[in-house]
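Read through the structure below, which is laid out as structure tokens, and then see the notes.
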2 protein chains.
Amino acid sequence: MFAMIAIGEVNSLSYEDFLEIFGNVVEKCPLVTAAVWSARPFATLADMEARIAEFIDSLPAAGKAGILRCHPDLAGRDLQSGTLTAESEQEQVAAGLRSLEPADATRLRRLNLQYKERFGYPFVICAGLNDRAAILRQLAERFANEPQRELPLAIEEVKKICCLRLRRIVASDIKL
Amino acid sequence: MFAMIAIGEVNSLSYEDFLEIFGNVVEKCPLVTAAVWSARPFATLADMEARIAEFIDSLPAAGKAGILRCHPDLAGRDLQSGTLTAESEQEQVAAGLRSLEPADATRLRRLNLQYKERFGYPFVICAGLNDRAAILRQLAERFANEPQRELPLAIEEVKKICCLRLRRIVASDIKL
């Protein structure tokens with residue numbers, strides 16, 4: 001997609017190029033990326049991650065729920081029909097969500113629906129850090145949460161997804 | 001695109017359908033639409049507009065600048081290459097921006113560039129309420145503004161664009 005770039009190069013990008021490269025680090029929320037351009041220069045990749053997290057945290061609860069609503073269902077219609085973003089498709093396939101046993105697929109669909117009914121947004125989890133068994137387990141567990149407790153948990157997953165996506169684009173800060 | 005729908009129907013939409021229908025009332029910012037779903041039920045179309053405006057106003061300055069950065073240039077590359085959103089294309093063409101005299105096209109391109117240099121976001125104006133002469137005049141005028149004065153002016157234009165887009169989708173509240 002893009003060659004890895006160093007943080008110094010990131011800091012010199014126009015907002016248009018910045019958006020082109022980082023526009024989907026938070027799923028379908030280029031507004032977040034575009035806002036964080038204002039926070040340049042970033043000292044390190046970790047600093048860039050922190051600035052994105054800060055901006056997300058600054059949003060009112062409705063804005064946080066809005067971010068979650070921009071996410072697709074796990075193993076949902078978009079995965080079947082090939083209409084996921086490239087990033088989501090890669091993550092969901094790697095987590096084994098395209099090759100679910102029929103029983104697991106049915107269970108996931110049912111739990112997803114119940115979750116959306118309860119919270120008004122889809123279940124979001126960092127698929128890059130969880131296999132399908134862990135995803136199913138956590139979906140069942142998090143469904144039992146109070147809404148006030150669930151929203152920040154879901155937002156922490158958004159940040160994890162964002163960090164993994166960033167690390168596929170920006171070269172690590174670690175000096176060898 | 002969609003048949004006009006009444007505010008009562010809007011209130012009964014799932015967040016997925018709401019996003020599908022209203023996701024681009026703020027250009028490339030489905031996050032705004034998705035956030036405002038939390039504010040249902042809307043008493044009237046005017047109430048829906050007010051809730052969107054309220055959410056935008058609740059954003060920190062970087063978030064407001066972020067919204068502006070999600071907008072395309074007027075008469076820019078995306079208009080030439082056909083990569084505007086459907087809404088933007090319709091608005092820019094109606095304002096006469098596809099049929100600019102070469103001298104006006106050159107002037108607009110130069111002023112746009114200077115504006116982006118100065119403010120760090122593109123010049124946004126409600127093309128549906130301004131013809132090309134008014135757009136060129138306002139671009140030159142607003143370029144002279146202090147950044148602190150220009151940001152809220154540009155955001156008011158975002159709200160006007162949003163209102164016009166909404167009124168093409170939601171049936172008016174006016175009782176005859």
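By convention in this document, the chains of the structure tokens carry letters A, B, ... by their order, each chain's residues are numbered from 1, and ligands are numbered from 1 in the order they are shown.
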
Return as a PyMOL selection string the residues belonging to chain A that are within 9 Å of chain B, counting only C-alpha atoms. chain A and resi 14-16+19+28-39+55+58-70+120-121

Go ahead and save the residues from that selection, with C-alpha atoms, as a PDB file, in the first residue's frame.
ATOM      1  CA  SER A  14       0.388  18.367   3.631  1.00  0.00           C
ATOM      2  CA  TYR A  15      -2.998  17.712   5.225  1.00  0.00           C
ATOM      3  CA  GLU A  16      -4.149  16.228   1.925  1.00  0.00           C
ATOM      4  CA  LEU A  19      -5.402  12.247   5.046  1.00  0.00           C
ATOM      5  CA  LYS A  28     -14.325   5.524   8.318  1.00  0.00           C
ATOM      6  CA  CYS A  29     -13.486   8.524  10.513  1.00  0.00           C
ATOM      7  CA  PRO A  30     -11.155  10.718   8.434  1.00  0.00           C
ATOM      8  CA  LEU A  31     -12.368  13.570  10.658  1.00  0.00           C
ATOM      9  CA  VAL A  32     -10.207  12.175  13.486  1.00  0.00           C
ATOM     10  CA  THR A  33      -7.125  11.973  11.262  1.00  0.00           C
ATOM     11  CA  ALA A  34      -7.784  15.428   9.841  1.00  0.00           C
ATOM     12  CA  ALA A  35      -8.175  16.894  13.336  1.00  0.00           C
ATOM     13  CA  VAL A  36      -4.925  15.372  14.573  1.00  0.00           C
ATOM     14  CA  TRP A  37      -2.978  16.970  11.725  1.00  0.00           C
ATOM     15  CA  SER A  38      -3.306  20.132  13.846  1.00  0.00           C
ATOM     16  CA  ALA A  39      -1.200  18.464  16.570  1.00  0.00           C
ATOM     17  CA  PHE A  55      -8.624  13.738  20.425  1.00  0.00           C
ATOM     18  CA  SER A  58     -12.024  14.880  23.981  1.00  0.00           C
ATOM     19  CA  LEU A  59     -15.236  13.939  22.172  1.00  0.00           C
ATOM     20  CA  PRO A  60     -18.559  13.925  24.007  1.00  0.00           C
ATOM     21  CA  ALA A  61     -20.113  10.475  24.613  1.00  0.00           C
ATOM     22  CA  ALA A  62     -22.264  10.821  21.482  1.00  0.00           C
ATOM     23  CA  GLY A  63     -19.120  11.411  19.427  1.00  0.00           C
ATOM     24  CA  LYS A  64     -17.483   8.308  20.868  1.00  0.00           C
ATOM     25  CA  ALA A  65     -20.602   6.264  20.106  1.00  0.00           C
ATOM     26  CA  GLY A  66     -20.517   7.862  16.633  1.00  0.00           C
ATOM     27  CA  ILE A  67     -17.013   6.506  16.043  1.00  0.00           C
ATOM     28  CA  LEU A  68     -18.199   3.029  17.001  1.00  0.00           C
ATOM     29  CA  ARG A  69     -21.207   3.295  14.642  1.00  0.00           C
ATOM     30  CA  CYS A  70     -18.815   3.910  11.740  1.00  0.00           C
ATOM     31  CA  GLY A 120     -26.885   1.279  19.875  1.00  0.00           C
ATOM     32  CA  TYR A 121     -23.538   0.590  18.212  1.00  0.00           C
TER      33      TYR A 121
END

Need the shell around stretch 89-99 of chain A: protein/DNA/RNA residues with any atom at most 9 Å away, counting only C-alpha atoms. Skip same-chain ones fewer than 3 positions apart. Format as a PyMOL selection string? chain A and resi 74-75+78-80+82-86+102+105+126-132+135

Using backbone DSSP assignments, extract all alpha helix (DSSP H) residues from chain A; output them as a ChimeraX atom specification. /A:7-11,15-22,30-36,45-58,61-69,77-81,86-94,102-119,132-143,147-167

Using only C-alpha atoms, can you tell me which of B:Ala6, B:Val25, B:Leu13, B:Pro41 comes closest to B:Leu164?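 Of B:Ala6, B:Val25, B:Leu13, B:Pro41, the one nearest B:Leu164 is B:Val25, counting only C-alpha atoms.
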
When you count only C-alpha atoms, which of these residues is closest to B:Asp57: B:Asp73, B:Glu150, B:Glu156, B:Glu101?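 Of all the options, B:Glu156 lies closest to B:Asp57.
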